[in-house]
file work21.txt (compact mmCIF, C-alpha atoms and all ligand atoms)
# COMPACT_ATOMS: atom_id res chain seq x y z
CA MET A 1 -65.33 -2.89 11.74
CA THR A 2 -62.22 -1.02 12.79
CA TYR A 3 -59.17 -0.74 10.59
CA TYR A 4 -57.47 -3.36 12.79
CA GLU A 5 -60.42 -5.76 12.63
CA ILE A 6 -60.35 -5.65 8.86
CA ALA A 7 -56.61 -6.32 8.90
CA LYS A 8 -57.05 -9.18 11.34
CA LYS A 9 -59.54 -10.79 9.03
CA ARG A 10 -57.39 -10.22 5.97
CA TYR A 11 -54.37 -11.84 7.64
CA ALA A 12 -56.57 -14.70 8.83
CA ASP A 13 -57.42 -15.37 5.17
CA PHE A 14 -53.74 -16.22 4.82
CA GLY A 15 -53.71 -18.34 7.96
CA VAL A 16 -51.95 -15.71 10.07
CA ASP A 17 -53.17 -14.84 13.55
CA THR A 18 -52.47 -11.17 14.25
CA GLU A 19 -53.17 -11.59 17.97
CA THR A 20 -50.35 -14.12 18.34
CA ALA A 21 -48.01 -11.81 16.45
CA LEU A 22 -48.92 -8.85 18.69
CA ARG A 23 -48.33 -10.90 21.80
CA LYS A 24 -44.99 -12.25 20.62
CA VAL A 25 -43.46 -9.02 19.36
CA ALA A 26 -43.95 -7.35 22.73
CA GLU A 27 -41.78 -10.02 24.34
CA ILE A 28 -38.68 -9.71 22.17
CA PRO A 29 -36.07 -7.58 23.92
CA ILE A 30 -34.21 -4.98 21.86
CA GLY A 31 -30.94 -3.57 23.14
CA ILE A 32 -30.96 0.15 22.56
CA HIS A 33 -27.59 1.85 22.46
CA CYS A 34 -26.94 4.78 24.76
CA TRP A 35 -24.42 6.26 22.33
CA GLN A 36 -26.90 7.67 19.81
CA GLY A 37 -27.57 10.53 22.23
CA ASP A 38 -24.09 12.00 22.49
CA ASP A 39 -22.28 11.02 19.28
CA VAL A 40 -20.40 8.16 21.05
CA ILE A 41 -18.32 10.52 23.19
CA GLY A 42 -19.02 9.17 26.69
CA PHE A 43 -18.32 10.77 30.04
CA ASP A 44 -14.83 9.65 30.90
CA GLY A 45 -12.74 12.30 29.29
CA SER A 46 -12.75 11.83 25.55
CA GLU A 47 -13.64 14.84 23.47
CA SER A 48 -13.78 13.19 20.10
CA LEU A 49 -14.33 9.86 18.51
CA SER A 50 -11.43 7.70 17.34
CA GLY A 51 -10.81 4.16 16.17
CA GLY A 52 -12.10 4.36 12.64
CA ILE A 53 -15.69 5.23 13.51
CA GLN A 54 -17.26 8.60 12.91
CA THR A 55 -20.40 10.57 13.45
CA THR A 56 -21.13 13.23 10.90
CA GLY A 57 -23.30 16.27 11.38
CA ASN A 58 -23.65 18.96 13.94
CA TYR A 59 -27.32 19.02 14.84
CA PRO A 60 -27.89 20.97 18.04
CA GLY A 61 -28.78 19.23 21.29
CA ARG A 62 -26.06 16.63 21.88
CA ALA A 63 -26.32 15.26 25.43
CA ARG A 64 -23.24 16.36 27.34
CA THR A 65 -23.89 15.02 30.80
CA PHE A 66 -25.40 12.00 32.51
CA GLU A 67 -28.46 14.05 33.39
CA GLU A 68 -28.96 15.19 29.81
CA LEU A 69 -28.46 11.72 28.37
CA LYS A 70 -30.88 10.21 30.88
CA SER A 71 -33.47 12.81 30.07
CA ASP A 72 -33.11 12.18 26.32
CA ILE A 73 -33.23 8.40 26.73
CA LYS A 74 -36.41 8.78 28.75
CA VAL A 75 -38.12 10.67 25.95
CA ALA A 76 -36.82 8.34 23.23
CA PHE A 77 -37.72 5.14 25.08
CA SER A 78 -41.23 6.41 25.85
CA LEU A 79 -41.83 6.53 22.08
CA ILE A 80 -40.50 3.04 21.34
CA PRO A 81 -42.89 0.19 22.12
CA GLY A 82 -41.88 -3.24 23.41
CA LYS A 83 -39.31 -4.75 25.71
CA LYS A 84 -36.13 -2.72 25.91
CA ARG A 85 -32.64 -3.17 27.25
CA LEU A 86 -30.10 -0.38 27.58
CA ASN A 87 -26.75 -0.93 25.91
CA LEU A 88 -23.93 0.91 27.66
CA HIS A 89 -20.29 1.46 26.85
CA ALA A 90 -17.71 1.56 29.63
CA SER A 91 -16.93 5.14 28.62
CA TYR A 92 -20.29 6.11 30.11
CA ALA A 93 -19.00 5.46 33.64
CA ILE A 94 -20.32 7.90 36.19
CA LEU A 95 -16.99 8.64 37.86
CA GLY A 96 -18.06 11.53 40.08
CA GLU A 97 -15.19 12.66 42.27
CA ASP A 98 -12.96 9.91 40.90
CA LYS A 99 -12.81 11.55 37.47
CA GLY A 100 -9.17 11.92 36.53
CA LYS A 101 -8.11 9.60 39.35
CA VAL A 102 -9.27 6.27 38.04
CA ASP A 103 -8.58 4.94 34.55
CA ARG A 104 -10.43 2.35 32.51
CA ASP A 105 -8.36 -0.48 33.97
CA GLY A 106 -9.80 0.39 37.38
CA TYR A 107 -13.49 0.78 36.64
CA THR A 108 -15.90 -1.04 38.92
CA TYR A 109 -19.63 -1.67 39.11
CA ARG A 110 -19.97 1.30 41.43
CA TYR A 111 -19.56 3.68 38.48
CA PHE A 112 -22.50 2.10 36.74
CA GLU A 113 -24.90 1.79 39.63
CA PRO A 114 -26.58 5.09 38.75
CA TRP A 115 -27.37 3.58 35.34
CA VAL A 116 -28.88 0.53 36.99
CA GLU A 117 -31.10 2.72 39.09
CA PHE A 118 -32.19 4.60 35.99
CA ALA A 119 -32.85 1.44 33.97
CA LYS A 120 -34.96 0.07 36.80
CA GLU A 121 -36.88 3.28 37.03
CA LEU A 122 -37.73 2.92 33.34
CA GLY A 123 -38.71 -0.72 33.82
CA LEU A 124 -36.11 -1.97 31.37
CA ASP A 125 -35.33 -5.64 30.85
CA GLY A 126 -31.65 -5.17 31.68
CA ILE A 127 -28.38 -3.54 30.71
CA ASP A 128 -25.84 -4.83 28.19
CA PHE A 129 -22.25 -3.72 28.30
CA ASN A 130 -19.22 -2.95 26.13
CA PRO A 131 -15.62 -2.37 27.05
CA THR A 132 -14.48 0.82 25.31
CA PHE A 133 -11.25 0.24 23.41
CA PHE A 134 -11.29 3.63 21.67
CA GLY A 135 -11.43 7.36 22.43
CA HIS A 136 -8.60 7.08 24.91
CA PRO A 137 -4.92 8.15 25.08
CA LYS A 138 -3.75 4.62 25.92
CA MET A 139 -4.53 3.45 22.39
CA LYS A 140 -1.00 3.18 21.07
CA ASP A 141 -0.49 3.67 17.34
CA GLY A 142 -4.13 2.76 16.86
CA LEU A 143 -3.80 -0.56 18.69
CA SER A 144 -5.25 -1.85 21.93
CA LEU A 145 -5.53 -5.59 22.66
CA SER A 146 -3.22 -6.42 19.75
CA SER A 147 -0.51 -3.94 20.63
CA PRO A 148 3.11 -5.17 20.54
CA ASP A 149 3.74 -2.83 23.44
CA GLU A 150 3.18 -5.04 26.46
CA ALA A 151 2.17 -2.24 28.84
CA THR A 152 -0.47 -1.05 26.39
CA ARG A 153 -1.78 -4.55 25.76
CA LYS A 154 -1.93 -5.26 29.49
CA PHE A 155 -3.79 -2.03 30.21
CA TRP A 156 -6.51 -2.99 27.76
CA VAL A 157 -6.64 -6.57 29.03
CA GLU A 158 -7.23 -5.20 32.50
CA HIS A 159 -9.98 -2.97 31.12
CA GLY A 160 -11.58 -6.03 29.54
CA LYS A 161 -11.41 -7.93 32.80
CA ARG A 162 -12.99 -5.07 34.75
CA CYS A 163 -15.79 -5.00 32.21
CA MET A 164 -16.46 -8.70 32.67
CA GLU A 165 -16.76 -8.11 36.42
CA ILE A 166 -19.04 -5.12 35.95
CA ALA A 167 -21.18 -7.12 33.52
CA ALA A 168 -21.63 -9.93 36.04
CA ASP A 169 -23.01 -7.42 38.53
CA LEU A 170 -25.23 -5.87 35.87
CA GLY A 171 -26.57 -9.33 35.10
CA LYS A 172 -27.26 -10.00 38.76
CA ALA A 173 -28.97 -6.64 39.19
CA PHE A 174 -31.60 -7.60 36.60
CA LYS A 175 -31.45 -11.36 37.16
CA LYS A 176 -30.71 -11.81 33.46
CA PRO A 177 -27.34 -12.37 31.82
CA CYS A 178 -25.55 -9.34 30.46
CA LEU A 179 -24.16 -9.37 26.92
CA VAL A 180 -20.60 -8.05 26.79
CA ASN A 181 -19.53 -7.20 23.31
CA ILE A 182 -15.88 -6.84 22.45
CA TRP A 183 -15.10 -4.66 19.50
CA ILE A 184 -11.64 -3.20 19.00
CA PRO A 185 -10.61 -0.73 16.32
CA ASP A 186 -7.12 -2.22 15.87
CA GLY A 187 -5.80 -2.21 12.34
CA PHE A 188 -3.53 -0.52 9.82
CA LYS A 189 -4.05 2.20 7.28
CA ASP A 190 -1.58 0.72 4.85
CA VAL A 191 -0.24 -2.65 3.85
CA PRO A 192 1.09 -4.43 6.95
CA SER A 193 4.25 -6.53 7.06
CA ASP A 194 2.91 -8.86 9.70
CA ARG A 195 -0.70 -9.98 9.63
CA LEU A 196 -0.39 -12.89 12.01
CA GLY A 197 1.42 -11.28 14.95
CA PRO A 198 -1.36 -8.84 15.87
CA ARG A 199 -3.95 -11.60 15.65
CA LEU A 200 -1.93 -13.88 17.93
CA ARG A 201 -1.63 -11.05 20.43
CA LEU A 202 -5.36 -10.37 20.21
CA LYS A 203 -6.02 -14.08 20.81
CA LYS A 204 -3.79 -14.04 23.86
CA SER A 205 -5.48 -10.90 25.19
CA LEU A 206 -8.95 -12.35 24.73
CA ASP A 207 -7.87 -15.55 26.46
CA GLU A 208 -6.73 -13.46 29.41
CA ILE A 209 -9.94 -11.42 29.54
CA LEU A 210 -12.06 -14.58 29.39
CA GLU A 211 -9.91 -16.52 31.84
CA ASN A 212 -12.32 -16.32 34.65
CA TYR A 213 -15.76 -14.82 34.32
CA GLU A 214 -19.18 -15.61 35.72
CA ARG A 215 -20.75 -17.72 33.01
CA GLU A 216 -24.17 -17.58 34.57
CA TRP A 217 -24.35 -13.80 34.26
CA VAL A 218 -22.15 -12.82 31.36
CA ILE A 219 -22.48 -13.60 27.67
CA PRO A 220 -19.25 -12.57 25.96
CA ALA A 221 -19.38 -11.72 22.26
CA VAL A 222 -16.81 -10.68 19.68
CA GLU A 223 -17.60 -8.29 16.83
CA SER A 224 -15.64 -8.48 13.60
CA LYS A 225 -15.23 -5.82 10.95
CA VAL A 226 -13.82 -5.35 7.47
CA PHE A 227 -12.25 -1.92 7.80
CA GLY A 228 -12.55 1.47 9.43
CA ILE A 229 -11.77 5.02 8.40
CA GLY A 230 -8.01 5.41 8.60
CA VAL A 231 -7.57 1.65 9.06
CA GLU A 232 -8.48 0.54 5.56
CA SER A 233 -5.84 -2.06 4.79
CA TYR A 234 -5.97 -4.49 7.66
CA THR A 235 -8.31 -5.24 10.57
CA VAL A 236 -6.97 -7.46 13.33
CA GLY A 237 -10.43 -8.63 14.45
CA SER A 238 -11.60 -9.94 11.10
CA ASN A 239 -14.59 -12.20 10.53
CA GLU A 240 -12.61 -15.45 10.19
CA PHE A 241 -10.53 -14.62 13.21
CA TYR A 242 -13.47 -14.01 15.53
CA GLN A 243 -15.71 -16.73 14.21
CA ASN A 244 -13.06 -19.34 14.82
CA TYR A 245 -12.19 -17.83 18.15
CA ALA A 246 -15.82 -17.82 19.29
CA ALA A 247 -16.33 -21.41 18.15
CA GLU A 248 -13.25 -22.60 19.96
CA LYS A 249 -14.09 -20.75 23.15
CA GLY A 250 -17.81 -21.40 23.15
CA ILE A 251 -18.66 -17.71 23.18
CA CYS A 252 -20.90 -15.66 20.95
CA CYS A 253 -20.32 -13.91 17.60
CA LEU A 254 -21.80 -10.48 17.17
CA LEU A 255 -22.79 -9.59 13.61
CA ASP A 256 -22.93 -5.90 12.76
CA ASN A 257 -24.57 -5.53 9.36
CA GLY A 258 -22.29 -2.61 8.51
CA HIS A 259 -19.21 -4.78 8.92
CA TYR A 260 -19.22 -6.93 5.80
CA HIS A 261 -18.63 -6.53 2.10
CA PRO A 262 -21.59 -4.84 0.44
CA LEU A 263 -23.00 -7.99 -1.12
CA GLU A 264 -22.79 -10.07 2.02
CA TYR A 265 -25.97 -10.18 4.07
CA VAL A 266 -26.26 -10.64 7.79
CA SER A 267 -29.74 -12.09 7.24
CA ASP A 268 -28.02 -15.04 5.59
CA LYS A 269 -25.33 -15.31 8.25
CA ILE A 270 -27.80 -15.60 11.13
CA PRO A 271 -29.04 -19.10 10.19
CA ALA A 272 -25.50 -20.17 9.27
CA LEU A 273 -24.41 -19.40 12.82
CA LEU A 274 -27.59 -20.76 14.40
CA ALA A 275 -26.55 -24.13 12.99
CA PHE A 276 -23.49 -24.06 15.25
CA TYR A 277 -23.99 -21.63 18.11
CA ASP A 278 -26.51 -21.41 20.95
CA ARG A 279 -26.72 -17.68 20.50
CA VAL A 280 -25.98 -15.00 17.94
CA ALA A 281 -25.77 -11.30 18.81
CA LEU A 282 -26.58 -8.49 16.41
CA HIS A 283 -25.72 -4.86 15.90
CA VAL A 284 -28.46 -3.69 13.63
CA THR A 285 -27.43 -0.64 11.68
CA ARG A 286 -27.59 0.74 8.14
CA GLY A 287 -24.45 1.24 6.15
CA VAL A 288 -24.75 3.54 3.18
CA ARG A 289 -21.84 2.65 0.87
CA TRP A 290 -19.67 2.01 3.93
CA ASP A 291 -20.13 1.32 7.65
CA SER A 292 -21.74 4.73 8.00
CA ASP A 293 -24.13 3.77 10.82
CA HIS A 294 -27.15 5.54 9.37
CA VAL A 295 -30.47 5.31 11.21
CA VAL A 296 -32.15 1.92 10.80
CA LEU A 297 -35.02 2.13 8.30
CA PHE A 298 -37.83 -0.30 7.50
CA GLU A 299 -36.07 -1.78 4.52
CA ASP A 300 -35.75 -5.15 2.85
CA GLU A 301 -32.59 -6.31 4.63
CA LEU A 302 -34.01 -5.36 8.01
CA LYS A 303 -37.14 -7.35 7.21
CA GLU A 304 -35.00 -10.30 6.10
CA ILE A 305 -33.01 -10.16 9.35
CA ALA A 306 -36.24 -10.14 11.35
CA LYS A 307 -37.62 -13.05 9.31
CA GLU A 308 -34.56 -15.16 10.04
CA ILE A 309 -35.00 -14.54 13.75
CA VAL A 310 -38.71 -15.22 13.81
CA ARG A 311 -39.13 -18.12 11.42
CA ASN A 312 -36.25 -20.05 12.96
CA ASP A 313 -37.91 -19.70 16.33
CA ALA A 314 -34.79 -17.93 17.51
CA THR A 315 -36.18 -14.90 19.33
CA GLU A 316 -34.41 -16.05 22.48
CA ARG A 317 -31.22 -17.11 20.75
CA VAL A 318 -30.62 -13.97 18.71
CA LEU A 319 -29.73 -11.05 20.92
CA ILE A 320 -30.85 -7.95 19.06
CA GLY A 321 -29.04 -4.67 19.60
CA LEU A 322 -29.01 -1.43 17.65
CA ASP A 323 -25.83 0.36 16.67
CA TYR A 324 -26.00 3.57 14.70
CA PHE A 325 -25.21 7.19 15.34
CA ASP A 326 -26.47 10.11 13.35
CA ALA A 327 -25.54 13.63 14.41
CA SER A 328 -27.10 15.32 11.39
CA ILE A 329 -30.72 15.11 12.57
CA ASN A 330 -32.55 15.32 15.88
CA ARG A 331 -30.83 12.57 17.85
CA ILE A 332 -33.94 11.49 19.68
CA ALA A 333 -35.85 11.17 16.43
CA ALA A 334 -32.97 9.03 15.17
CA TRP A 335 -33.26 6.76 18.21
CA VAL A 336 -37.02 6.46 17.91
CA THR A 337 -37.01 5.83 14.17
CA GLY A 338 -34.52 2.96 14.45
CA GLY A 339 -36.07 1.49 17.59
CA ARG A 340 -39.55 1.52 16.11
CA ASN A 341 -38.32 0.11 12.82
CA MET A 342 -36.67 -2.85 14.51
CA GLN A 343 -39.95 -3.59 16.26
CA LYS A 344 -41.84 -3.02 13.03
CA ALA A 345 -39.66 -5.52 11.18
CA LEU A 346 -40.18 -8.15 13.88
CA LEU A 347 -43.93 -7.66 13.79
CA PHE A 348 -43.84 -7.85 10.00
CA ALA A 349 -41.91 -11.12 10.19
CA LEU A 350 -44.35 -12.54 12.72
CA LEU A 351 -47.17 -11.75 10.30
CA GLN A 352 -45.80 -13.87 7.47
CA PRO A 353 -47.41 -17.26 6.80
CA ASN A 354 -44.06 -18.77 7.74
CA ALA A 355 -45.05 -22.42 8.06
CA GLU A 356 -46.81 -22.40 4.72
CA LEU A 357 -43.91 -20.64 2.99
CA LYS A 358 -41.50 -23.21 4.35
CA ALA A 359 -43.69 -26.08 3.20
CA LEU A 360 -43.79 -24.61 -0.30
CA GLN A 361 -40.01 -24.44 -0.40
CA ASP A 362 -39.61 -27.98 0.92
CA SER A 363 -41.95 -29.33 -1.69
CA ALA A 364 -40.21 -27.34 -4.42
CA ARG A 365 -43.37 -25.41 -5.33
CA PHE A 366 -41.37 -22.35 -6.21
CA THR A 367 -44.01 -20.63 -8.33
CA GLU A 368 -46.50 -20.71 -5.45
CA LEU A 369 -43.75 -19.68 -3.06
CA MET A 370 -42.93 -16.59 -5.07
CA ASN A 371 -46.58 -15.78 -5.47
CA LEU A 372 -47.41 -16.06 -1.78
CA GLN A 373 -44.34 -14.08 -0.75
CA GLU A 374 -45.45 -11.29 -3.08
CA GLU A 375 -49.12 -11.35 -2.10
CA VAL A 376 -48.46 -10.97 1.63
CA LYS A 377 -46.30 -7.91 1.02
CA THR A 378 -49.39 -5.77 0.48
CA LEU A 379 -51.54 -7.01 3.37
CA PRO A 380 -52.69 -4.18 5.70
CA PHE A 381 -49.63 -4.30 7.93
CA GLY A 382 -50.01 -0.66 8.98
CA ALA A 383 -53.24 -1.42 10.81
CA VAL A 384 -51.59 -4.12 12.92
CA TRP A 385 -48.62 -1.87 13.64
CA GLU A 386 -50.93 0.93 14.81
CA GLU A 387 -52.80 -1.53 16.99
CA TYR A 388 -49.51 -2.60 18.54
CA LEU A 389 -48.58 0.99 19.36
CA SER A 390 -51.96 1.72 20.82
CA ARG A 391 -51.96 -1.39 23.02
CA ALA A 392 -48.44 -0.49 24.18
CA GLY A 393 -49.69 2.99 25.08
CA VAL A 394 -47.23 4.59 22.67
CA VAL A 395 -48.05 7.52 20.39
CA GLY A 396 -48.83 6.59 16.80
CA ALA A 397 -47.73 8.28 13.62
CA ASP A 398 -47.67 11.66 15.31
CA TRP A 399 -44.73 10.84 17.60
CA LEU A 400 -42.43 13.39 16.00
CA SER A 401 -44.44 16.27 17.40
CA GLU A 402 -43.51 15.07 20.91
CA VAL A 403 -39.85 15.08 19.94
CA LYS A 404 -40.21 18.55 18.41
CA LYS A 405 -41.75 19.83 21.61
CA TYR A 406 -38.84 18.44 23.63
CA GLU A 407 -36.43 19.95 21.13
CA LYS A 408 -37.99 23.35 21.57
CA GLU A 409 -38.16 23.15 25.35
CA VAL A 410 -34.92 21.34 26.12
CA LEU A 411 -32.54 20.48 23.30
CA SER A 412 -32.46 23.91 21.65
CA LYS A 413 -31.33 25.43 24.95
CA ARG A 414 -28.15 23.35 25.07
CA GLY A 415 -25.02 25.22 24.05
C1 LIG B 501 -17.75 -0.03 15.28
C2 LIG B 501 -18.61 -1.07 15.90
C3 LIG B 501 -18.90 -0.89 17.36
C4 LIG B 501 -19.26 0.52 17.75
C5 LIG B 501 -19.88 0.66 19.13
C6 LIG B 501 -19.87 2.06 19.60
O1 LIG B 501 -17.62 -0.15 13.93
O2 LIG B 501 -19.77 -1.21 15.18
O3 LIG B 501 -19.89 -1.79 17.72
O4 LIG B 501 -20.13 1.11 16.84
O5 LIG B 501 -19.32 -0.21 19.99
ZN ZN B 502 -21.27 -2.49 16.00

call {"tool": "encode", "arguments": {"input": "work21.txt", "output": "structure tokens"}}
result
Amino acid sequence: MTYYEIAKKRYADFGVDTETALRKVAEIPIGIHCWQGDDVIGFDGSESLSGGIQTTGNYPGRARTFEELKSDIKVAFSLIPGKKRLNLHASYAILGEDKGKVDRDGYTYRYFEPWVEFAKELGLDGIDFNPTFFGHPKMKDGLSLSSPDEATRKFWVEHGKRCMEIAADLGKAFKKPCLVNIWIPDGFKDVPSDRLGPRLRLKKSLDEILENYEREWVIPAVESKVFGIGVESYTVGSNEFYQNYAAEKGICCLLDNGHYHPLEYVSDKIPALLAFYDRVALHVTRGVRWDSDHVVLFEDELKEIAKEIVRNDATERVLIGLDYFDASINRIAAWVTGGRNMQKALLFALLQPNAELKALQDSARFTELMNLQEEVKTLPFGAVWEEYLSRAGVVGADWLSEVKKYEKEVLSKRG
């Protein structure tokens, strides 16, 4: 018997069919963020990150051009099994000769067509999109959509509108709707004197952006946050603000698990929202003491998030995306580690005796529930994971040597 066959039998003893789990995990799309490869800088003119988010570290090999980023994504994606989508920010527009002539309020689908071509070449499931409300001189006093300066607010509304148009075309290109996530860094470092005004302006701006979009092809989402670096005292787009806004408008909430107080868990928020919304979007990340966007590891909260998706039969309702950026280690290894771990957690969740566990809870057999939850933790999960990789044609535990080779041949030669 092979290692996998033994595992299959062992799981079967607990009523779990590993074959079903292997089939299902391969079908769950994961949105992989383009911004891990270049420290969230983009191609449209910014030289540094702003808006309360930060990458730390100076590991060599940052992708500086479209060609470099594509090449890095290709390597990273080849080492991540499963169905993948590419998550792009508007700042990754390929402006060509229009660089310096067109601003973010004038972006069109044309500037993203090269990405579409690339995503098709890689056989991806689609592209998701984000307006970029940071890293740009038109942020006034740290504010975008909530700015009291009407010209500034309007500029960013126009950017939002362009992004909705671009997203509709991205959706059409892959015949699947495109998720457009709105996150703005707007907030104040110190105690504000008006907390309502900025929120009313943000509401107005969002209304304008969402006035007229192609519902068949675009899924708009709003991402809340507690605080950012330099904007510690007040965040315009807070959780209550966006959750109410999304409910009223019939759009989607995006939960980033770095964006809540340390003892709040996104795994618990997913089912709360599933009770009210058709869809919930995620930014899966790992905050260490703050929203530090560390590489996603195979940890308890990640497993809990995956369980909530799987056992609520919500793999089509929860739109999974990754959002982290680590510049202190090989960036491709960071991508691969997080991408594989997300897949790993989903497979792990699919391998739980979910129906039985639920029945134990519903019949208040809490001793048996605890016991079964503990027993399944030590089943031979590794064997099923390795089987998954091998069936997907992806390198097993030795994947890092491929990344090291690419580092030696390509990344180390970048200035
Ligand atoms: C910032 C948000 C946001 C960004 C990306 C780049 O705190 O998490 O989602 O990380 O849009
Ligand atoms: Zn996020």

call {"tool": "closest_atom_pairs", "arguments": {"input": "work21.txt", "of": "chain A", "to": "ligand LIG 501 (chain B)", "cutoff": "8 Å", "atoms": "only C-alpha atoms and all ligand atoms", "output": "Markdown table"}}
result
| residue | atom | partner | partner_atom | distance |
| --- | --- | --- | --- | --- |
| A:Trp35 | CA | B:LIG501 | C6 | 6.8 |
| A:Val40 | CA | B:LIG501 | C6 | 6.3 |
| A:Gly52 | CA | B:LIG501 | O1 | 7.2 |
| A:Ile53 | CA | B:LIG501 | O1 | 5.7 |
| A:His89 | CA | B:LIG501 | O5 | 7.1 |
| A:Asn130 | CA | B:LIG501 | O5 | 6.7 |
| A:Thr132 | CA | B:LIG501 | O5 | 7.3 |
| A:Asn181 | CA | B:LIG501 | O5 | 7.7 |
| A:Ile182 | CA | B:LIG501 | O5 | 7.9 |
| A:Trp183 | CA | B:LIG501 | C3 | 5.8 |
| A:Ile184 | CA | B:LIG501 | C3 | 7.8 |
| A:Pro185 | CA | B:LIG501 | C1 | 7.2 |
| A:Glu223 | CA | B:LIG501 | O3 | 6.9 |
| A:Lys225 | CA | B:LIG501 | O1 | 6.8 |
| A:Gly228 | CA | B:LIG501 | O1 | 7.0 |
| A:Asp256 | CA | B:LIG501 | O2 | 6.2 |
| A:Gly258 | CA | B:LIG501 | O2 | 7.3 |
| A:His259 | CA | B:LIG501 | O1 | 7.0 |
| A:His283 | CA | B:LIG501 | O3 | 6.8 |
| A:Asp291 | CA | B:LIG501 | O1 | 6.9 |
| A:Asp293 | CA | B:LIG501 | O4 | 7.7 |
| A:Asp323 | CA | B:LIG501 | O4 | 5.8 |
| A:Tyr324 | CA | B:LIG501 | O4 | 6.7 |

call {"tool": "closest_residue", "arguments": {"input": "work21.txt", "among": "A:Arg331, A:His33, A:Lys24, A:Lys377", "to": "ligand ZN 502 (chain B)", "atoms": "all atoms listed in the file"}}
result
A:His33

call {"tool": "residues_around", "arguments": {"input": "work21.txt", "residues": "A:Ile309", "least_positions_apart": "2", "cutoff": "10 Å", "atoms": "all atoms listed in the file", "output": "number ranges by chain"}}
result
A: 267, 270-271, 274, 280, 303-307, 311-320, 346, 349-350

call {"tool": "closest_atom_pairs", "arguments": {"input": "work21.txt", "of": "stretch 248-293 of chain A", "to": "stretch 187-206 of chain A", "cutoff": "12 Å", "atoms": "all atoms listed in the file", "output": "JSON lines"}}
result
{"residue": "A:Glu248", "atom": "CA", "partner": "A:Lys203", "partner_atom": "CA", "distance": 11.2}
{"residue": "A:Lys249", "atom": "CA", "partner": "A:Leu206", "partner_atom": "CA", "distance": 10.0}
{"residue": "A:Ile251", "atom": "CA", "partner": "A:Leu206", "partner_atom": "CA", "distance": 11.2}

call {"tool": "closest_residue", "arguments": {"input": "work21.txt", "among": "A:Trp217, A:Phe325, A:Trp385, A:Tyr107", "to": "A:Ile41", "atoms": "only C-alpha atoms"}}
result
A:Phe325

call {"tool": "atom_distance", "arguments": {"input": "work21.txt", "atom1": "atom CA of A:Val403", "atom2": "atom CA of A:Phe129"}}
result
27.1 Å

call {"tool": "residues_around", "arguments": {"input": "work21.txt", "residues": "A:Asp103", "least_positions_apart": "6", "cutoff": "12 Å", "atoms": "all atoms listed in the file", "output": "PDB file with C-alpha atoms, keeping the file's coordinate frame"}}
result
ATOM      1  CA  ASP A  44     -14.830   9.650  30.900  1.00  0.00           C
ATOM      2  CA  GLY A  45     -12.740  12.300  29.290  1.00  0.00           C
ATOM      3  CA  ALA A  90     -17.710   1.560  29.630  1.00  0.00           C
ATOM      4  CA  SER A  91     -16.930   5.140  28.620  1.00  0.00           C
ATOM      5  CA  ALA A  93     -19.000   5.460  33.640  1.00  0.00           C
ATOM      6  CA  LEU A  95     -16.990   8.640  37.860  1.00  0.00           C
ATOM      7  CA  TYR A 111     -19.560   3.680  38.480  1.00  0.00           C
ATOM      8  CA  THR A 132     -14.480   0.820  25.310  1.00  0.00           C
ATOM      9  CA  HIS A 136      -8.600   7.080  24.910  1.00  0.00           C
ATOM     10  CA  PRO A 137      -4.920   8.150  25.080  1.00  0.00           C
ATOM     11  CA  LYS A 138      -3.750   4.620  25.920  1.00  0.00           C
ATOM     12  CA  PHE A 155      -3.790  -2.030  30.210  1.00  0.00           C
ATOM     13  CA  TRP A 156      -6.510  -2.990  27.760  1.00  0.00           C
ATOM     14  CA  GLU A 158      -7.230  -5.200  32.500  1.00  0.00           C
ATOM     15  CA  HIS A 159      -9.980  -2.970  31.120  1.00  0.00           C
ATOM     16  CA  ARG A 162     -12.990  -5.070  34.750  1.00  0.00           C
TER      17      ARG A 162
END

call {"tool": "closest_residue", "arguments": {"input": "work21.txt", "among": "A:Gly57, A:Pro262, A:Gly321, A:Gly339", "to": "A:Leu297", "atoms": "only C-alpha atoms"}}
result
A:Gly339

call {"tool": "closest_residue", "arguments": {"input": "work21.txt", "among": "A:Arg62, A:Lys175, A:Arg286, A:Arg110", "to": "ligand ZN 502 (chain B)", "atoms": "only C-alpha atoms and all ligand atoms"}}
result
A:Arg286

call {"tool": "atom_distance", "arguments": {"input": "work21.txt", "atom1": "atom CA of A:Phe14", "atom2": "atom CA of A:Pro353"}}
result
6.7 Å

call {"tool": "closest_residue", "arguments": {"input": "work21.txt", "among": "A:Val410, A:Leu263, A:Leu255, A:Ile6", "to": "ligand ZN 502 (chain B)", "atoms": "all atoms listed in the file"}}
result
A:Leu255

call {"tool": "atom_distance", "arguments": {"input": "work21.txt", "atom1": "atom CA of A:Glu208", "atom2": "atom CA of A:Ala173"}}
result
25.2 Å

call {"tool": "closest_residue", "arguments": {"input": "work21.txt", "among": "A:Ser224, A:Asn371, A:Thr56, A:Ser390", "to": "A:Tyr4", "atoms": "only C-alpha atoms"}}
result
A:Ser390

call {"tool": "residues_around", "arguments": {"input": "work21.txt", "residues": "A:Gly37", "least_positions_apart": "3", "cutoff": "10 Å", "atoms": "only C-alpha atoms", "output": "ChimeraX atom specification"}}
result
/A:33-34,40-42,61-64,68-70,72-73,76,325-327,330-332,334-335
